[in-house]
>>> print(open('run.txt').read())   # compact mmCIF, C-alpha atoms
# COMPACT_ATOMS: atom_id res chain seq x y z
CA MET A 18 32.52 -25.06 5.63
CA ALA A 19 30.21 -23.31 8.03
CA VAL A 20 26.59 -24.37 8.28
CA ILE A 21 23.60 -22.02 8.10
CA ARG A 22 20.42 -23.07 9.89
CA PHE A 23 17.11 -21.24 9.66
CA THR A 24 14.10 -20.66 11.87
CA THR A 25 11.27 -23.01 11.01
CA HIS A 26 9.09 -19.91 10.55
CA LEU A 27 10.76 -19.45 7.19
CA VAL A 28 9.52 -22.80 5.93
CA GLN A 29 6.10 -21.39 5.09
CA HIS A 30 7.76 -18.85 2.80
CA ARG A 31 10.80 -20.48 1.23
CA PRO A 32 12.08 -24.08 0.94
CA VAL A 33 14.80 -23.70 3.55
CA ARG A 34 17.14 -26.36 4.87
CA ALA A 35 20.54 -26.35 6.52
CA ILE A 36 23.14 -25.09 4.06
CA ASP A 37 26.89 -25.70 4.13
CA ALA A 38 28.76 -22.74 2.73
CA PRO A 39 32.32 -21.40 2.67
CA GLY A 40 33.48 -17.99 3.83
CA ALA A 41 35.57 -16.12 6.36
CA THR A 42 32.82 -13.77 7.54
CA VAL A 43 29.08 -14.05 8.09
CA ALA A 44 28.58 -11.90 4.99
CA GLU A 45 30.66 -14.26 2.86
CA VAL A 46 28.98 -17.38 4.19
CA LEU A 47 25.50 -15.96 3.61
CA ALA A 48 26.46 -14.72 0.15
CA ALA A 49 27.62 -18.20 -0.81
CA GLY A 50 24.86 -20.06 0.97
CA LEU A 51 21.97 -17.96 -0.30
CA SER A 52 23.17 -17.55 -3.87
CA ASP A 53 20.79 -20.24 -5.13
CA ASP A 54 17.74 -18.45 -3.72
CA PRO A 55 17.93 -14.65 -4.00
CA LEU A 56 14.41 -14.40 -2.64
CA LEU A 57 15.46 -16.18 0.57
CA ARG A 58 18.28 -13.68 0.92
CA GLY A 59 15.62 -10.95 0.98
CA TYR A 60 13.97 -12.55 3.99
CA VAL A 61 17.20 -12.27 5.99
CA LEU A 62 18.85 -9.11 4.66
CA ASP A 63 17.43 -5.79 3.48
CA ASP A 64 18.08 -3.90 0.23
CA GLN A 65 21.47 -2.75 1.52
CA GLY A 66 22.61 -6.17 2.74
CA ARG A 67 22.01 -5.33 6.40
CA VAL A 68 20.40 -7.80 8.75
CA ARG A 69 16.68 -7.09 8.83
CA LYS A 70 15.60 -5.17 11.88
CA HIS A 71 13.53 -8.03 13.29
CA VAL A 72 15.84 -10.88 12.33
CA ASN A 73 18.62 -12.11 14.60
CA ILE A 74 21.71 -13.98 13.48
CA TYR A 75 23.66 -16.08 15.97
CA LEU A 76 27.19 -17.21 15.27
CA ASP A 77 28.34 -20.12 17.42
CA GLY A 78 25.81 -19.24 20.06
CA ARG A 79 26.31 -15.47 20.16
CA LEU A 80 24.49 -12.66 18.44
CA ILE A 81 26.63 -11.25 15.69
CA ALA A 82 28.15 -7.87 16.51
CA ASP A 83 28.07 -6.31 13.05
CA ARG A 84 24.51 -6.18 11.71
CA LEU A 85 25.42 -3.66 9.01
CA ARG A 86 28.29 -5.35 7.18
CA LEU A 87 28.23 -8.81 8.81
CA THR A 88 32.00 -8.86 9.27
CA ASP A 89 32.01 -11.25 12.25
CA ALA A 90 34.72 -13.88 11.64
CA VAL A 91 33.53 -17.40 10.88
CA GLY A 92 35.51 -20.56 11.59
CA PRO A 93 35.52 -23.74 9.49
CA ALA A 94 33.11 -25.51 11.86
CA SER A 95 30.96 -22.52 12.73
CA GLU A 96 27.19 -22.65 13.01
CA ILE A 97 25.10 -19.69 11.92
CA TYR A 98 21.49 -19.55 13.06
CA VAL A 99 19.02 -17.23 11.33
CA LEU A 100 16.12 -16.56 13.69
CA GLN A 101 13.21 -14.17 13.82
CA ALA A 102 13.30 -11.73 16.72
CA LEU A 103 10.37 -11.73 19.11
CA SER A 104 9.91 -8.07 18.21
CA GLY A 105 8.36 -7.22 14.90
CA GLY A 106 5.65 -9.82 14.82
CA MET B 26 -20.10 -13.01 -11.54
CA ALA B 27 -18.32 -10.44 -9.42
CA THR B 28 -15.22 -10.84 -7.29
CA LEU B 29 -13.92 -8.75 -4.43
CA TRP B 30 -10.36 -9.15 -3.13
CA VAL B 31 -9.91 -8.34 0.54
CA GLY B 32 -6.38 -7.54 1.67
CA SER B 33 -6.20 -8.02 5.41
CA ARG B 34 -3.74 -8.21 8.28
CA LYS B 35 -3.91 -12.00 8.02
CA GLY B 36 -3.98 -12.67 4.32
CA LEU B 37 -5.86 -12.14 1.07
CA PHE B 38 -9.51 -13.17 1.17
CA ARG B 39 -11.82 -13.54 -1.82
CA PHE B 40 -15.57 -13.01 -1.99
CA ASP B 41 -17.63 -13.93 -5.05
CA ASP B 42 -21.13 -13.14 -6.20
CA HIS B 43 -22.34 -15.70 -8.73
CA GLY B 44 -25.71 -14.00 -8.97
CA GLN B 45 -27.08 -15.33 -5.70
CA GLY B 46 -25.35 -13.07 -3.23
CA TRP B 47 -21.83 -12.68 -1.93
CA GLN B 48 -20.03 -15.70 -0.55
CA SER B 49 -16.61 -16.10 0.97
CA ALA B 50 -14.33 -18.30 -1.12
CA GLY B 51 -12.86 -19.73 2.07
CA PRO B 52 -9.52 -19.44 3.82
CA PRO B 53 -7.21 -16.71 2.59
CA ALA B 54 -4.12 -16.86 0.46
CA PHE B 55 -0.99 -16.02 2.47
CA LEU B 56 -2.60 -16.90 5.80
CA ALA B 57 -1.06 -14.64 8.48
CA GLY B 58 0.64 -12.46 5.87
CA PRO B 59 -0.20 -8.76 6.30
CA VAL B 60 -1.44 -7.48 2.91
CA THR B 61 -0.60 -3.86 2.13
CA ALA B 62 -1.64 -3.51 -1.51
CA VAL B 63 -3.65 -5.39 -4.16
CA LEU B 64 -3.86 -4.84 -7.91
CA ASP B 65 -6.15 -6.75 -10.25
CA ASP B 66 -4.76 -5.62 -13.60
CA PRO B 67 -7.64 -4.99 -16.02
CA ARG B 68 -5.35 -5.38 -19.03
CA ASP B 69 -4.28 -8.99 -18.58
CA GLY B 70 -5.86 -10.34 -15.40
CA GLY B 71 -2.60 -10.37 -13.49
CA LEU B 72 -3.15 -10.23 -9.77
CA TYR B 73 -0.49 -8.55 -7.61
CA VAL B 74 -0.25 -8.66 -3.83
CA SER B 75 2.32 -7.14 -1.54
CA LEU B 76 2.86 -8.34 2.01
CA HIS B 77 4.63 -6.71 4.90
CA HIS B 78 5.96 -9.47 7.09
CA GLY B 79 6.87 -8.24 10.54
CA HIS B 80 10.15 -10.11 10.58
CA PHE B 81 11.06 -10.85 7.01
CA GLY B 82 10.19 -7.62 5.21
CA CYS B 83 8.13 -6.68 2.19
CA LYS B 84 7.26 -9.44 -0.28
CA LEU B 85 5.62 -9.42 -3.69
CA HIS B 86 3.51 -12.13 -5.31
CA ARG B 87 1.70 -12.41 -8.63
CA SER B 88 -0.98 -14.81 -9.78
CA ASP B 89 -1.75 -15.49 -13.42
CA ASP B 90 -4.68 -17.80 -12.72
CA ARG B 91 -6.93 -15.59 -10.62
CA GLY B 92 -5.43 -16.57 -7.30
CA LYS B 93 -5.24 -20.35 -7.70
CA SER B 94 -1.45 -20.26 -7.63
CA TRP B 95 1.15 -17.61 -6.95
CA VAL B 96 4.71 -16.86 -7.93
CA GLU B 97 6.92 -14.86 -5.62
CA LEU B 98 8.80 -11.99 -7.26
CA ALA B 99 11.71 -9.92 -5.99
CA PRO B 100 10.20 -6.73 -4.59
CA PRO B 101 11.49 -3.29 -5.55
CA ALA B 102 14.80 -2.39 -3.94
CA TYR B 103 16.44 0.93 -3.22
CA PRO B 104 19.82 1.57 -4.82
CA LYS B 105 22.90 0.23 -3.07
CA SER B 106 24.80 2.68 -0.93
CA ASP B 107 27.61 2.60 1.63
CA ASP B 108 25.69 4.99 3.87
CA PRO B 109 24.73 3.04 7.02
CA ASP B 110 21.40 4.88 6.96
CA ALA B 111 20.75 4.15 3.28
CA PRO B 112 17.07 3.55 2.50
CA ALA B 113 15.55 0.12 2.22
CA LEU B 114 12.06 -0.88 1.16
CA GLU B 115 9.69 -0.86 4.12
CA PHE B 116 6.53 -1.81 2.27
CA ILE B 117 4.57 -1.24 -0.90
CA TRP B 118 1.59 1.01 -0.20
CA CYS B 119 -0.08 0.98 -3.60
CA PHE B 120 0.09 -0.36 -7.14
CA ALA B 121 -1.18 1.13 -10.38
CA ALA B 122 -1.42 -0.41 -13.82
CA GLY B 123 0.16 1.50 -16.68
CA GLY B 124 -1.77 2.56 -19.76
CA LYS B 125 -3.65 0.29 -22.12
CA ASP B 126 -0.84 0.68 -24.64
CA GLU B 127 1.81 -0.16 -22.02
CA PRO B 128 1.45 -3.91 -21.47
CA GLY B 129 3.33 -5.10 -18.42
CA VAL B 130 3.90 -1.65 -16.95
CA ILE B 131 3.16 -1.54 -13.22
CA TRP B 132 3.85 1.32 -10.82
CA ALA B 133 4.39 0.83 -7.08
CA GLY B 134 4.39 3.47 -4.37
CA SER B 135 6.39 2.66 -1.26
CA LEU B 136 7.77 3.69 2.06
CA PRO B 137 10.23 5.36 2.53
CA GLY B 138 8.99 7.48 -0.36
CA GLY B 139 10.19 5.78 -3.52
CA LEU B 140 8.13 5.35 -6.67
CA PHE B 141 9.06 2.24 -8.65
CA LYS B 142 8.24 1.14 -12.18
CA SER B 143 8.21 -2.33 -13.67
CA THR B 144 7.92 -2.92 -17.40
CA ASP B 145 7.78 -6.70 -17.15
CA ARG B 146 4.80 -7.47 -14.91
CA GLY B 147 6.69 -7.07 -11.67
CA GLN B 148 9.71 -9.22 -12.50
CA THR B 149 12.11 -6.28 -12.16
CA TRP B 150 11.74 -2.77 -10.78
CA VAL B 151 13.51 0.55 -11.17
CA LEU B 152 13.34 3.46 -8.75
CA ASN B 153 12.07 6.65 -10.36
CA GLU B 154 15.18 8.76 -9.81
CA PRO B 155 13.76 12.10 -11.02
CA LEU B 156 11.20 12.06 -8.20
CA TRP B 157 13.57 10.54 -5.64
CA ASN B 158 16.15 13.23 -6.39
CA GLN B 159 13.77 16.16 -6.01
CA PRO B 160 15.41 18.53 -3.49
CA GLN B 161 12.06 19.00 -1.77
CA ARG B 162 11.85 15.29 -1.00
CA THR B 163 14.22 15.75 1.94
CA ALA B 164 11.45 17.80 3.61
CA TRP B 165 8.91 14.97 3.32
CA PHE B 166 8.09 13.28 6.60
CA GLY B 167 6.17 10.34 7.97
CA ALA B 168 2.54 10.26 9.01
CA GLY B 169 1.67 7.28 11.13
CA TYR B 170 4.89 5.63 10.01
CA ASP B 171 8.52 6.55 10.49
CA HIS B 172 8.99 7.69 6.92
CA ALA B 173 7.01 9.30 4.13
CA GLY B 174 5.22 7.03 1.69
CA ILE B 175 3.46 7.12 -1.68
CA HIS B 176 -0.08 5.78 -1.36
CA SER B 177 -1.82 7.17 -4.45
CA ILE B 178 -0.89 6.79 -8.13
CA CYS B 179 -3.35 8.08 -10.74
CA VAL B 180 -2.40 7.09 -14.28
CA ASP B 181 -4.34 9.13 -16.83
CA PRO B 182 -6.21 6.67 -19.10
CA ARG B 183 -6.02 9.22 -21.96
CA ASP B 184 -2.25 9.57 -21.70
CA PRO B 185 -0.33 7.25 -19.35
CA ARG B 186 2.61 9.64 -19.35
CA HIS B 187 0.43 11.91 -17.22
CA ILE B 188 0.62 10.55 -13.68
CA VAL B 189 -0.41 12.18 -10.43
CA ILE B 190 0.80 10.80 -7.12
CA ALA B 191 0.29 11.72 -3.49
CA VAL B 192 2.67 11.35 -0.58
CA SER B 193 2.03 11.22 3.17
CA ILE B 194 3.54 13.61 3.90
CA GLY B 195 4.94 15.22 0.79
CA GLY B 196 2.11 16.69 -1.23
CA VAL B 197 0.83 15.96 -4.72
CA TRP B 198 3.31 15.49 -7.57
CA ILE B 199 2.58 15.51 -11.29
CA THR B 200 4.47 14.23 -14.31
CA ARG B 201 3.44 14.64 -17.94
CA ASP B 202 6.39 12.79 -19.45
CA GLY B 203 6.07 9.39 -17.85
CA GLY B 204 8.17 10.24 -14.83
CA ASP B 205 11.15 11.96 -16.47
CA SER B 206 10.26 15.21 -14.71
CA TRP B 207 7.90 16.17 -11.88
CA VAL B 208 6.21 19.32 -10.66
CA LEU B 209 4.69 19.89 -7.26
CA GLY B 210 0.93 20.37 -7.45
CA GLY B 211 -1.45 20.54 -4.55
CA HIS B 212 -1.96 24.30 -4.56
CA GLY B 213 -4.96 25.16 -2.44
CA LEU B 214 -4.59 22.24 -0.05
CA ARG B 215 -4.47 23.38 3.55
CA ASN B 216 -3.06 21.79 6.67
CA GLU B 217 -3.50 22.49 10.36
CA TYR B 218 -0.52 20.53 11.69
CA MET B 219 2.20 22.89 10.50
CA PRO B 220 3.03 26.37 11.78
CA PRO B 221 0.31 28.72 10.48
CA ASP B 222 2.52 30.41 7.93
CA GLN B 223 3.19 27.01 6.32
CA ALA B 224 -0.42 25.85 6.17
CA GLN B 225 -0.50 26.30 2.39
CA ASP B 226 2.94 24.81 1.71
CA PRO B 227 2.29 22.26 -1.06
CA ASN B 228 5.22 20.05 -0.05
CA SER B 229 3.91 19.42 3.46
CA GLN B 230 0.34 18.47 2.57
CA ASP B 231 -0.97 15.17 3.87
CA ALA B 232 -3.34 13.94 1.21
CA HIS B 233 -4.59 10.69 2.71
CA LEU B 234 -5.74 9.53 -0.71
CA ILE B 235 -6.26 11.03 -4.13
CA ALA B 236 -8.39 9.32 -6.78
CA ALA B 237 -9.43 10.46 -10.24
CA CYS B 238 -12.69 10.08 -12.13
CA THR B 239 -11.88 7.50 -14.81
CA GLY B 240 -14.10 9.18 -17.38
CA ASP B 241 -12.77 12.67 -16.65
CA PRO B 242 -9.26 12.23 -15.23
CA ASP B 243 -8.67 15.95 -14.65
CA ARG B 244 -11.27 15.70 -11.88
CA ILE B 245 -9.37 14.39 -8.89
CA TRP B 246 -10.70 13.98 -5.38
CA CYS B 247 -8.58 14.27 -2.26
CA GLN B 248 -9.40 13.03 1.20
CA HIS B 249 -6.84 15.12 3.07
CA HIS B 250 -5.86 15.04 6.71
CA ASN B 251 -7.68 18.34 7.17
CA GLY B 252 -10.62 18.04 4.79
CA ILE B 253 -11.97 17.10 1.39
CA PHE B 254 -10.60 18.86 -1.69
CA VAL B 255 -11.41 18.78 -5.41
CA SER B 256 -9.20 19.47 -8.42
CA ASP B 257 -10.38 20.18 -11.98
CA ASP B 258 -6.96 20.45 -13.59
CA GLY B 259 -5.31 17.14 -12.85
CA GLY B 260 -4.05 17.95 -9.38
CA MET B 261 -2.41 21.35 -9.69
CA GLN B 262 -5.10 23.54 -8.11
CA TRP B 263 -7.58 22.43 -5.45
CA ARG B 264 -10.62 23.85 -3.73
CA GLU B 265 -11.94 22.76 -0.35
CA SER B 266 -15.37 21.39 0.47
CA LEU B 267 -16.39 23.56 3.38
CA GLU B 268 -19.56 21.98 4.72
CA VAL B 269 -19.04 18.27 5.24
CA LYS B 270 -21.11 16.51 7.88
CA PRO B 271 -20.61 14.58 10.06
CA SER B 272 -16.88 15.09 9.50
CA ALA B 273 -14.43 16.09 6.80
CA PHE B 274 -11.77 13.83 8.31
CA GLY B 275 -11.17 10.40 6.88
CA PHE B 276 -8.80 8.39 4.77
CA ALA B 277 -10.70 7.02 1.79
CA VAL B 278 -12.45 8.35 -1.30
CA ALA B 279 -14.14 6.44 -4.12
CA PRO B 280 -15.01 8.55 -7.18
CA HIS B 281 -17.75 7.49 -9.56
CA PRO B 282 -16.00 6.18 -12.70
CA ALA B 283 -18.13 8.24 -15.12
CA ASP B 284 -19.93 11.01 -13.23
CA ARG B 285 -17.25 13.52 -12.31
CA ASP B 286 -19.40 15.14 -9.63
CA ARG B 287 -20.06 12.03 -7.57
CA ALA B 288 -17.80 10.55 -4.92
CA TRP B 289 -18.08 8.61 -1.67
CA PHE B 290 -16.13 9.04 1.56
CA ALA B 291 -15.84 7.27 4.92
CA PRO B 292 -15.80 9.97 7.61
CA ALA B 293 -14.36 9.67 11.11
CA ARG B 294 -14.03 11.92 14.11
CA LYS B 295 -10.94 13.97 13.43
CA ASP B 296 -7.43 12.92 13.88
CA GLU B 297 -6.93 12.67 17.62
CA TYR B 298 -9.76 10.07 17.77
CA ARG B 299 -10.15 8.29 14.40
CA VAL B 300 -13.42 6.51 15.16
CA PRO B 301 -16.87 7.00 13.64
CA VAL B 302 -18.60 10.19 14.79
CA ASP B 303 -20.90 9.31 17.69
CA ALA B 304 -19.96 5.63 17.15
CA ARG B 305 -22.26 5.53 14.08
CA LEU B 306 -20.67 4.26 10.88
CA VAL B 307 -21.77 6.21 7.79
CA VAL B 308 -20.60 6.83 4.26
CA THR B 309 -20.91 10.34 2.84
CA GLU B 310 -21.71 11.02 -0.79
CA THR B 311 -21.55 14.14 -2.90
CA ARG B 312 -23.43 14.40 -6.19
CA ASP B 313 -22.55 18.00 -6.99
CA GLY B 314 -18.79 18.13 -7.14
CA GLY B 315 -18.31 18.59 -3.42
CA GLU B 316 -20.80 21.37 -2.77
CA THR B 317 -23.04 19.26 -0.55
CA TYR B 318 -22.81 15.87 1.13
CA ALA B 319 -25.38 13.32 2.26
CA SER B 320 -24.89 10.63 4.90
CA LEU B 321 -25.69 7.05 3.91
CA SER B 322 -26.24 4.67 6.78
CA ARG B 323 -28.79 1.99 5.85
CA GLY B 324 -27.26 -1.37 6.69
CA LEU B 325 -24.31 0.10 8.57
CA PRO B 326 -23.97 -0.17 12.38
CA GLN B 327 -25.54 2.86 14.06
CA HIS B 328 -24.39 2.38 17.61
CA ASP B 329 -21.25 1.19 19.37
CA ALA B 330 -19.32 1.12 16.09
CA TYR B 331 -15.61 1.86 16.23
CA ASP B 332 -14.70 0.81 12.70
CA LEU B 333 -12.15 2.96 10.91
CA ILE B 334 -11.90 2.75 7.12
CA TYR B 335 -8.36 2.88 5.80
CA ARG B 336 -7.46 4.72 2.61
CA HIS B 337 -7.55 1.74 0.26
CA ALA B 338 -10.58 0.10 1.85
CA LEU B 339 -13.46 1.99 0.20
CA VAL B 340 -13.73 1.09 -3.48
CA ILE B 341 -16.18 1.27 -6.37
CA ASP B 342 -16.46 -1.07 -9.34
CA GLY B 343 -16.28 -0.17 -13.00
CA THR B 344 -20.03 0.22 -13.38
CA GLY B 345 -20.25 2.81 -10.64
CA ASP B 346 -23.08 0.91 -8.97
CA ARG B 347 -21.27 -1.32 -6.53
CA LEU B 348 -19.24 -0.15 -3.54
CA ALA B 349 -17.31 -2.13 -0.95
CA MET B 350 -15.93 -1.02 2.38
CA GLY B 351 -13.71 -2.79 4.91
CA SER B 352 -12.73 -1.69 8.41
CA THR B 353 -9.91 -1.90 10.88
CA THR B 354 -12.07 -4.10 13.09
CA GLY B 355 -12.75 -6.61 10.37
CA GLY B 356 -16.14 -5.46 9.12
CA LEU B 357 -16.81 -5.89 5.41
CA TRP B 358 -19.82 -4.34 3.64
CA VAL B 359 -20.99 -4.17 0.04
CA SER B 360 -23.58 -1.93 -1.55
CA ASP B 361 -25.13 -2.83 -4.90
CA ASN B 362 -27.00 0.48 -5.25
CA GLN B 363 -24.40 3.20 -4.95
CA GLY B 364 -24.34 3.27 -1.19
CA SER B 365 -28.04 3.54 -0.48
CA ASP B 366 -28.13 0.10 1.16
CA TRP B 367 -25.22 -1.81 2.65
CA GLN B 368 -24.94 -5.53 3.27
CA LEU B 369 -22.62 -6.89 5.93
CA LEU B 370 -20.53 -9.70 4.44
CA SER B 371 -18.49 -10.37 7.57
CA ALA B 372 -17.93 -8.82 10.98
CA HIS B 373 -15.06 -11.13 11.85
CA LEU B 374 -12.31 -10.64 9.32
CA PRO B 375 -8.84 -9.47 10.33
CA PRO B 376 -8.19 -5.72 10.05
CA ILE B 377 -8.70 -4.73 6.41
CA ALA B 378 -6.12 -2.59 4.61
CA ALA B 379 -7.09 -2.78 0.95
CA LEU B 380 -9.98 -3.88 -1.26
CA ALA B 381 -10.13 -4.42 -5.01
CA PHE B 382 -13.00 -5.39 -7.27
CA ALA B 383 -12.10 -7.63 -10.16
CA PRO B 384 -12.42 -5.48 -13.31
>>> encode(input="run.txt", output="structure tokens")
Amino acid sequence: MAVIRFTTHLVQHRPVRAIDAPGATVAEVLAAGLSDDPLLRGYVLDDQGRVRKHVNIYLDGRLIADRLRLTDAVGPASEIYVLQALSGG
Amino acid sequence: MATLWVGSRKGLFRFDDHGQGWQSAGPPAFLAGPVTAVLDDPRDGGLYVSLHHGHFGCKLHRSDDRGKSWVELAPPAYPKSDDPDAPALEFIWCFAAGGKDEPGVIWAGSLPGGLFKSTDRGQTWVLNEPLWNQPQRTAWFGAGYDHAGIHSICVDPRDPRHIVIAVSIGGVWITRDGGDSWVLGGHGLRNEYMPPDQAQDPNSQDAHLIAACTGDPDRIWCQHHNGIFVSDDGGMQWRESLEVKPSAFGFAVAPHPADRDRAWFAPARKDEYRVPVDARLVVTETRDGGETYASLSRGLPQHDAYDLIYRHALVIDGTGDRLAMGSTTGGLWVSDNQGSDWQLLSAHLPPIAALAFAP
């Protein structure tokens, strides 16, 4: 299970907490982890499932490479951080 | 009792008049959330607000208890596509309630150019494909934003299948079958930002706002990028008001709900400046269908004023007596006598994008 952690800025919008979720890619982990709150998914990804322009996703300390399809490979102990970019505010 | 909703860069404010003058209801809903559109549905009291969060995208909220509590709804979404450049909702620019005999129908105009319809009070949305698939849509382009957007939706109260919309930049479009088919109106509009031989091209007209007279919906007013125009046939043909002082440039128009010949505008020095002419904030009014205009200034700042009035920030109530106006520098004014006198409610609000009187 990977763990998804969220910026505290999201707390004012959705009841976020750290989520453990399975998956081999960032897309799969987010799909599993956000399935209980489709609205939260919309804060992270756009209509097409791409990472929002002013959101950054870090996987084990590095920005993910694929913001369109989120195919970066996730390990069983990976940490995914969903953060707001400093642009876009 | 009157209520004015104030959609601002930092949330939704409420002002009430209980018969003893206007008072702020206090801190806003959605503090720090940039409001882009507000609808107070006269049919059932539903209150709709869209936000455009800088990081987290466009959000949609509805209140069924006049703003005491809110439920977040999934906003409209563009159809899924494998194209890496496939469109996604940028923000909702306007709402419109459907007809009296269409309970729950809400329309939403958006960037990048999609018109959406909900039949269940905003719970679910469907893109209007007939408009989206118009071949001419590919020639629409952005004005102030990266992409074109729909900012005006006029639903005919006599027949809600007759809808007139306006696009910046993409002209005026008309349906008479509830959105199954569309024709391009806007004939007679004129632009100055295209090559001269395309000045009359209906598909490249930048109507900043169109608004219809409720009592005579074939009379539609247009505050265009290059002037003020009037239509008497529901948006197909337009004629230009030629003598408008101090300026024919602006974004907003508020038509009188019953008198087809009266409308109010918020002029600004034309487009390369976008500030009040001579730093004096005025409202212009026509009482003769756009033949002549008078400047109304009593109660408005007459020196050192740099307030700009956005397209959804000059509104009139259902009686036609009360006007409200909000500015980009956080000024909010109300007139209880059709614009003759204005009262400053606040000079310190966040930038104001949209106002709405409670019906």
>>> interface_residues(input="run.txt", of="chain B", to="chain A", cutoff="9 Å", atoms="all atoms listed in the file", output="PyMOL selection string")
chain B and resi 78-84+97-107+109+111-114
>>> closest_residue(input="run.txt", among="A:Ile36, A:Val43, A:Val20, A:Val28", to="A:Thr88", atoms="only C-alpha atoms")
A:Val43
>>> residues_around(input="run.txt", residues="stretch 319-333 of chain B", least_positions_apart="6", cutoff="7 Å", atoms="all atoms listed in the file", output="ChimeraX atom specification")
/B:299-301,304-311,352-354,364-368
>>> closest_residue(input="run.txt", among="A:Ala44, A:Met18, A:Ala35, A:Ala94", to="A:Ile81", atoms="all atoms listed in the file")
A:Ala44
>>> residues_around(input="run.txt", residues="A:Val46", least_positions_apart="3", cutoff="12 Å", atoms="only C-alpha atoms", output="NGL selection string")
:A and (18-22 or 36-43 or 49-52 or 58 or 76 or 87-98)
>>> atom_distance(input="run.txt", atom1="atom CA of B:Asp284", atom2="atom CA of B:Pro67")
20.4 Å
>>> atom_distance(input="run.txt", atom1="atom CA of B:Phe290", atom2="atom CA of B:Gln248")
7.8 Å
>>> residues_near_point(input="run.txt", point="(-18.3, 9.2, -10.5)", cutoff="10 Å", atoms="all atoms listed in the file", output="PyMOL selection string")
chain B and resi 237-241+244+279-289+311-312+314+341+343-346
>>> closest_residue(input="run.txt", among="B:Ala121, B:Met350, B:Val31, B:Ile334", to="B:Arg294", atoms="only C-alpha atoms")
B:Ile334
>>> closest_residue(input="run.txt", among="B:Val63, B:His373, B:Val255, B:Leu380", to="B:Val359", atoms="all atoms listed in the file")
B:Leu380
>>> closest_residue(input="run.txt", among="B:Phe55, B:Tyr73, B:Trp30, B:Phe166", to="B:Asp89", atoms="only C-alpha atoms")
B:Tyr73
>>> atom_distance(input="run.txt", atom1="atom CA of B:Asp65", atom2="atom CA of B:Gln45")
23.1 Å
>>> residues_around(input="run.txt", residues="stretch 226-235 of chain B", least_positions_apart="4", cutoff="6 Å", atoms="all atoms listed in the file", output="list in words")
Ser177, Ser193, Ile194, Gly195, Gly196, Gly211, His212, Trp246, Cys247, Gln248, His249, His250 and Phe276 of chain B
>>> residues_around(input="run.txt", residues="B:Thr61", least_positions_apart="3", cutoff="12 Å", atoms="only C-alpha atoms", output="VMD selection string")
chain B and resid 31 to 37 58 64 73 to 78 82 to 86 115 to 120 133 to 136 176 335 to 338 376 to 381
>>> write_last_selection(input="run.txt", atoms="C-alpha atoms", output="CSV table (one decimal), in the coordinates of the input")
chain,number,residue,atom,x,y,z
B,31,VAL,CA,-9.9,-8.3,0.5
B,32,GLY,CA,-6.4,-7.5,1.7
B,33,SER,CA,-6.2,-8.0,5.4
B,34,ARG,CA,-3.7,-8.2,8.3
B,35,LYS,CA,-3.9,-12.0,8.0
B,36,GLY,CA,-4.0,-12.7,4.3
B,37,LEU,CA,-5.9,-12.1,1.1
B,58,GLY,CA,0.6,-12.5,5.9
B,64,LEU,CA,-3.9,-4.8,-7.9
B,73,TYR,CA,-0.5,-8.6,-7.6
B,74,VAL,CA,-0.2,-8.7,-3.8
B,75,SER,CA,2.3,-7.1,-1.5
B,76,LEU,CA,2.9,-8.3,2.0
B,77,HIS,CA,4.6,-6.7,4.9
B,78,HIS,CA,6.0,-9.5,7.1
B,82,GLY,CA,10.2,-7.6,5.2
B,83,CYS,CA,8.1,-6.7,2.2
B,84,LYS,CA,7.3,-9.4,-0.3
B,85,LEU,CA,5.6,-9.4,-3.7
B,86,HIS,CA,3.5,-12.1,-5.3
B,115,GLU,CA,9.7,-0.9,4.1
B,116,PHE,CA,6.5,-1.8,2.3
B,117,ILE,CA,4.6,-1.2,-0.9
B,118,TRP,CA,1.6,1.0,-0.2
B,119,CYS,CA,-0.1,1.0,-3.6
B,120,PHE,CA,0.1,-0.4,-7.1
B,133,ALA,CA,4.4,0.8,-7.1
B,134,GLY,CA,4.4,3.5,-4.4
B,135,SER,CA,6.4,2.7,-1.3
B,136,LEU,CA,7.8,3.7,2.1
B,176,HIS,CA,-0.1,5.8,-1.4
B,335,TYR,CA,-8.4,2.9,5.8
B,336,ARG,CA,-7.5,4.7,2.6
B,337,HIS,CA,-7.6,1.7,0.3
B,338,ALA,CA,-10.6,0.1,1.8
B,376,PRO,CA,-8.2,-5.7,10.0
B,377,ILE,CA,-8.7,-4.7,6.4
B,378,ALA,CA,-6.1,-2.6,4.6
B,379,ALA,CA,-7.1,-2.8,1.0
B,380,LEU,CA,-10.0,-3.9,-1.3
B,381,ALA,CA,-10.1,-4.4,-5.0
>>> closest_residue(input="run.txt", among="B:Gly204, B:Gly167, B:Gly315, B:Gly124", to="B:Ile253", atoms="all atoms listed in the file")
B:Gly315
>>> residues_around(input="run.txt", residues="B:Arg87", least_positions_apart="2", cutoff="6 Å", atoms="all atoms listed in the file", output="number ranges by chain")
B: 72-73, 95-96
